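Remarks on the structure that follows.
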Amino acid sequence: MPLLRALQRLGHRPTMQDWPGLIEAYRAWLPVTAATPVITLREGATPLIPAPVIAEHIGRGVKVFLKYDGLNPTGSFKDRGMTMAISKAREAGSEAVICASTGNTSAAAAAYARRGGMRAFVLIPDGYVAQGKLAQALLYGAEVLAVQGNFDRALAIVRDVADRYPVTLVNSVNPYRLQGQKTAAFEVVDALGEAPDWLCIPVGNAGNISAYWMGFQEYQAAGHCRQLPRMMGFQAAGSAPMVLGHTVEHPDTIATAIRIGNPVNREKALKVEAESKGGFMAVTDAEIIEAYKLLGSGEGVFCEPASAASVAGLLKRHQEVPAGATVVCVLTGNGLKDPTTAIENNDSKFHTGLAPETDVVARVMGF
Ligand code: F0G
């Protein structure tokens with residue numbers, strides 16, 4: 001942000017208000033016009049956090065950064081796509097939007113749609129959405145429909161509904177979603193001054209990996225970076241259609257956000273794999289939880305299990321990372337989304353039912 005640096009030299013103290021949200025920040029790169037009503041919660045500008053503990057696990061001078069998109073307004077990267085999709089829906093005069101979701105899309109759709117004065121219908125797989133995400137959708141004023149089927153089935157239904165009725169589909173088949181999401185790649189390059197060597201990212205419906213690639217390519221074409229990263233997509237072993245090369249009928253994983261068996265952006269993502277010389281790989285639930293705990297207790301970064309798949313994948317494939325390389329792992333969602341998984345999966349000491357006495361507390365502390 002050269003403009004901000006120039007202002008700082010003139011004595012301006014930067015505040016969060018300098019960040020106008022990603023549509024204004026990257027307006028020239030996005031399909032918006034003066035007629036587009038910008039519906040924003042000042043999303044974007046999320047930190048790129050160094051991860052020295054993970055880097056030490058890998059060794060050989062590899063540098064690791066976490067793109068912590070869990071710090072967006074509704075706690076996930078979905079806000080990037082949703083500010084665009086909802087602004088464009090409003091511009092087109094839409095009065096209602098619909099999506100299928102494993103949770104995060106529903107939270108973002110609800111928040112932005114309501115802010116834009118629209119109704120938000122969200123279909124979720126009954127019983128497979130983390131508690132925080134459900135709380136968000138309800139509190140933001142969505143109309144929540146829990147269906148007894150998985151995400152893939154819910155997506156088929158909302159596509160059908162949007163075809164037949166006056167509601168705008170805001171899943172990642174909506175091209176404006178990926179346009180908004182590509183700004184995360186811009187921010188990574190803006191922060192590093194170059195594209196990383198590897199970009200590790202969790203993959204569910206395969207929209208975000210495609211969006212990042214679009215962002216890196218556009219920035220390279222404009223001369224903002226010289227190189228392009230290898231795009232490494234990680235799926236949960238029980239929900240790994242991109243790895244297996246076929247649809248998974250009954251996807252299963254603790255990482256409910258990526259419990260998807262039939263990714264709608266499959267073709268786009270295969271192109272990303274080929275063009276970037278990247279790859280799709282599976283990580284087990286046990287590996288996801290190990291990375292999740294390491295991020296929390298080692299780096300002080302609380303992400304949701306699906307997000308930890310990117311770090312689990314990096315740790316699994318670390319021998320392939322070139323010495324001295326720069327790696328960015330995308331942490332797509334905030335850990336607070338899924339308190340149940342955190343409480344059930346940690347190695348911390350939790351002493352309960354203690355008498356309210358100094359001596360008792362000191363003894364438990366080991367003094
Ligand atoms: N990480 C998180 C936290 C997610 O919520 C999702 C997708 C992904 C990764 C995968 O991204 O689908 O672009 O490959 N969540 C969607 C939802 C499906 O409904 O919230 P993708």
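Every chain in the structure tokens has a letter given in the order shown (A, B, ...), and although residue numbers restart at 1 in each chain, ligands are simply numbered from 1 in the order shown.
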
Could you list the protein, DNA and RNA residues that have any atom within 6 Å of ligand 1, counting only C-alpha atoms and all ligand atoms, and write them as a PyMOL selection string? chain A and resi 101-105+202-208+257-258+306-307+332-333

Can you list, as a VMD selection string, every residue of range 114-350 of chain A that DSSP puts in helix (DSSP H, G or I)? chain A and resid 114 to 115 131 to 139 151 to 164 175 to 181 183 to 192 207 to 221 237 to 239 241 to 244 256 to 258 266 to 276 285 to 299 305 to 316 318 to 320 335 to 337 339 to 344

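Between CA of Ala323 in chain A and CA of Ile54 in chain A lies a distance of 14.5 Å.
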
Please build the interface table for range 201-235 of chain A against range 176-195 of chain A with a cut-off of 8 Å, listing for each qualifying residue the nearest atom pair and the distance in Å to one decimal; count only C-alpha atoms, order rows by chain and increasing number, and write it as CSV.
residue,atom,partner,partner_atom,distance
A:Gly207,CA,A:Leu178,CA,6.7
A:Asn208,CA,A:Gln181,CA,6.7
A:Ser210,CA,A:Leu178,CA,7.5
A:Ala211,CA,A:Lys182,CA,4.5
A:Tyr212,CA,A:Lys182,CA,4.8
A:Trp213,CA,A:Lys182,CA,7.4
A:Met214,CA,A:Lys182,CA,6.2
A:Gly215,CA,A:Lys182,CA,4.5
A:Phe216,CA,A:Ala185,CA,5.7
A:Tyr219,CA,A:Phe186,CA,6.8
A:His224,CA,A:Glu194,CA,7.4
A:Cys225,CA,A:Glu194,CA,4.9
A:Arg226,CA,A:Glu194,CA,6.8
A:Gln227,CA,A:Ala195,CA,6.0
A:Leu228,CA,A:Ala195,CA,5.9
A:Pro229,CA,A:Ala195,CA,6.2

Within 10 Å of range 310-315 of chain A using only C-alpha atoms, minus same-chain residues under 2 positions, as a VMD selection string: chain A and resid 54 to 55 57 to 58 64 66 198 to 203 232 to 236 280 to 292 294 to 295 305 to 308 317 to 321 327 to 332

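Minimum distance to Pro196 in chain A across A:Met118, A:Leu48, A:Val361, A:Leu7 (counting only C-alpha atoms) occurs at A:Leu48.
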
What separates CA of Asp197 in chain A and CA of Pro47 in chain A is a distance of 18.6 Å

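Taking CA of Gln136 in chain A and CA of Glu344 in chain A as endpoints, the distance between them is 21.4 Å.
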
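Of the listed residues (A:Gly324, A:Pro50, A:Gly93, A:Pro20), A:Gly93 comes nearest to Val167 in chain A; the distances count only C-alpha atoms.
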
Hey, which of A:Thr40, A:Ala92, A:Pro251, A:Phe65 ends up closest to Ala113 in chain A? Count only C-alpha atoms. A:Thr40

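Using only C-alpha atoms, the nearest neighbour of Glu273 in chain A within the list A:Ala6, A:Ala237, A:Met242, A:Ala255 is A:Met242.
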
Could you pull out the strand (DSSP E or B) residues of range 156-324 of chain A from DSSP and send them as a VMD selection string? chain A and resid 168 to 169 198 to 202 230 to 236 279 to 283 303

Which one of A:Lys337, A:Lys316, A:Arg363, A:Arg42 sits closest to Ala107 in chain A if you count only C-alpha atoms? A:Lys337

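With only C-alpha atoms as the atoms that count, the residue of A:Met231, A:Leu134, A:Val301, A:Val243 with the shortest distance to Val53 in chain A is A:Val301.
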
What's around Asn334 in chain A at 12 Å? Count only C-alpha atoms, leave out sequence neighbours fewer than 6 positions away in its own chain, and write the answer as JSON, numbers by chain. {"A": [46, 67, 68, 69, 70, 71, 72, 73, 74, 75, 76, 77, 78, 104, 130, 132, 133, 257, 292, 295, 296, 301, 302, 303, 304, 305, 306, 307, 308, 342]}

Those same residues, written as a CSV table (one decimal), in the first residue's frame with N, CA, C and O atoms?
chain,number,residue,atom,x,y,z
A,46,THR,N,-6.5,-9.3,5.7
A,46,THR,CA,-6.2,-10.2,6.8
A,46,THR,C,-4.7,-10.4,6.9
A,46,THR,O,-4.0,-10.3,5.9
A,67,LYS,N,-1.9,-17.4,6.0
A,67,LYS,CA,-2.9,-16.4,5.5
A,67,LYS,C,-4.1,-16.6,6.3
A,67,LYS,O,-5.0,-17.5,6.0
A,68,TYR,N,-4.3,-15.8,7.4
A,68,TYR,CA,-5.3,-16.1,8.4
A,68,TYR,C,-6.6,-15.4,8.0
A,68,TYR,O,-7.0,-14.3,8.5
A,69,ASP,N,-7.4,-16.0,7.1
A,69,ASP,CA,-8.6,-15.4,6.7
A,69,ASP,C,-9.8,-15.7,7.6
A,69,ASP,O,-10.9,-15.2,7.4
A,70,GLY,N,-9.5,-16.3,8.8
A,70,GLY,CA,-10.5,-16.4,9.8
A,70,GLY,C,-10.7,-15.1,10.5
A,70,GLY,O,-11.7,-15.0,11.3
A,71,LEU,N,-9.9,-14.1,10.2
A,71,LEU,CA,-10.2,-12.7,10.8
A,71,LEU,C,-11.1,-11.8,9.9
A,71,LEU,O,-11.1,-10.7,10.2
A,72,ASN,N,-11.7,-12.4,8.9
A,72,ASN,CA,-12.7,-11.6,8.2
A,72,ASN,C,-14.0,-11.4,9.1
A,72,ASN,O,-14.1,-12.1,10.1
A,73,PRO,N,-14.8,-10.5,8.7
A,73,PRO,CA,-16.0,-10.1,9.5
A,73,PRO,C,-16.8,-11.3,10.0
A,73,PRO,O,-17.3,-11.3,11.2
A,74,THR,N,-17.1,-12.3,9.2
A,74,THR,CA,-17.9,-13.4,9.7
A,74,THR,C,-17.0,-14.6,10.0
A,74,THR,O,-17.5,-15.7,10.2
A,75,GLY,N,-15.7,-14.4,10.0
A,75,GLY,CA,-14.8,-15.4,10.4
A,75,GLY,C,-14.3,-16.4,9.4
A,75,GLY,O,-13.8,-17.4,9.7
A,76,SER,N,-14.5,-16.1,8.1
A,76,SER,CA,-14.0,-17.0,7.1
A,76,SER,C,-13.7,-16.2,5.8
A,76,SER,O,-14.2,-15.1,5.6
A,77,PHE,N,-13.0,-16.9,4.8
A,77,PHE,CA,-12.7,-16.3,3.5
A,77,PHE,C,-13.9,-16.1,2.7
A,77,PHE,O,-13.9,-15.4,1.7
A,78,LYS,N,-15.1,-16.7,3.1
A,78,LYS,CA,-16.3,-16.5,2.3
A,78,LYS,C,-16.7,-15.1,2.2
A,78,LYS,O,-17.4,-14.7,1.2
A,104,ASN,N,-19.9,-22.1,6.5
A,104,ASN,CA,-19.3,-20.7,6.4
A,104,ASN,C,-20.0,-19.9,5.3
A,104,ASN,O,-20.2,-18.7,5.5
A,130,ALA,N,-21.0,-27.0,12.0
A,130,ALA,CA,-20.4,-26.6,13.3
A,130,ALA,C,-21.3,-25.6,14.0
A,130,ALA,O,-21.9,-24.7,13.3
A,132,GLY,N,-20.9,-22.8,15.8
A,132,GLY,CA,-20.8,-21.4,15.7
A,132,GLY,C,-21.3,-20.9,14.3
A,132,GLY,O,-21.9,-19.8,14.3
A,133,LYS,N,-21.2,-21.7,13.3
A,133,LYS,CA,-21.7,-21.3,12.0
A,133,LYS,C,-23.2,-21.3,11.9
A,133,LYS,O,-23.8,-20.4,11.4
A,257,ALA,N,-16.4,-28.6,7.2
A,257,ALA,CA,-16.5,-27.5,6.2
A,257,ALA,C,-16.1,-28.1,4.8
A,257,ALA,O,-16.6,-27.6,3.8
A,292,TYR,N,-4.0,-28.9,13.6
A,292,TYR,CA,-4.9,-28.0,14.3
A,292,TYR,C,-4.4,-27.7,15.7
A,292,TYR,O,-4.3,-26.5,16.1
A,295,LEU,N,-1.0,-25.7,15.5
A,295,LEU,CA,-1.3,-24.3,15.2
A,295,LEU,C,-1.7,-23.5,16.4
A,295,LEU,O,-1.3,-22.4,16.7
A,296,GLY,N,-2.6,-24.1,17.2
A,296,GLY,CA,-3.1,-23.5,18.4
A,296,GLY,C,-2.0,-23.3,19.5
A,296,GLY,O,-1.7,-22.2,19.9
A,301,VAL,N,-2.4,-19.7,16.9
A,301,VAL,CA,-3.4,-19.3,15.9
A,301,VAL,C,-4.5,-20.4,15.9
A,301,VAL,O,-4.2,-21.6,15.7
A,302,PHE,N,-5.7,-20.0,16.1
A,302,PHE,CA,-6.9,-20.9,16.3
A,302,PHE,C,-7.7,-20.9,15.0
A,302,PHE,O,-8.3,-19.9,14.6
A,303,CYS,N,-7.6,-22.0,14.2
A,303,CYS,CA,-8.3,-22.1,13.0
A,303,CYS,C,-9.3,-23.2,13.1
A,303,CYS,O,-9.3,-24.0,14.1
A,304,GLU,N,-10.2,-23.4,12.2
A,304,GLU,CA,-11.1,-24.5,12.2
A,304,GLU,C,-10.4,-25.7,11.6
A,304,GLU,O,-9.4,-25.6,10.9
A,305,PRO,N,-10.9,-26.9,11.9
A,305,PRO,CA,-10.2,-28.1,11.4
A,305,PRO,C,-10.0,-28.1,9.9
A,305,PRO,O,-8.9,-28.5,9.5
A,306,ALA,N,-11.0,-27.8,9.1
A,306,ALA,CA,-10.8,-27.8,7.6
A,306,ALA,C,-9.6,-26.9,7.2
A,306,ALA,O,-8.8,-27.3,6.3
A,307,SER,N,-9.4,-25.8,7.9
A,307,SER,CA,-8.3,-24.9,7.6
A,307,SER,C,-7.0,-25.6,7.9
A,307,SER,O,-6.0,-25.4,7.1
A,308,ALA,N,-6.9,-26.3,9.0
A,308,ALA,CA,-5.7,-27.0,9.4
A,308,ALA,C,-5.2,-28.0,8.4
A,308,ALA,O,-4.1,-28.5,8.4
A,342,ALA,N,-12.7,-28.2,19.2
A,342,ALA,CA,-11.6,-27.8,20.0
A,342,ALA,C,-11.6,-28.4,21.4
A,342,ALA,O,-10.6,-28.8,22.0
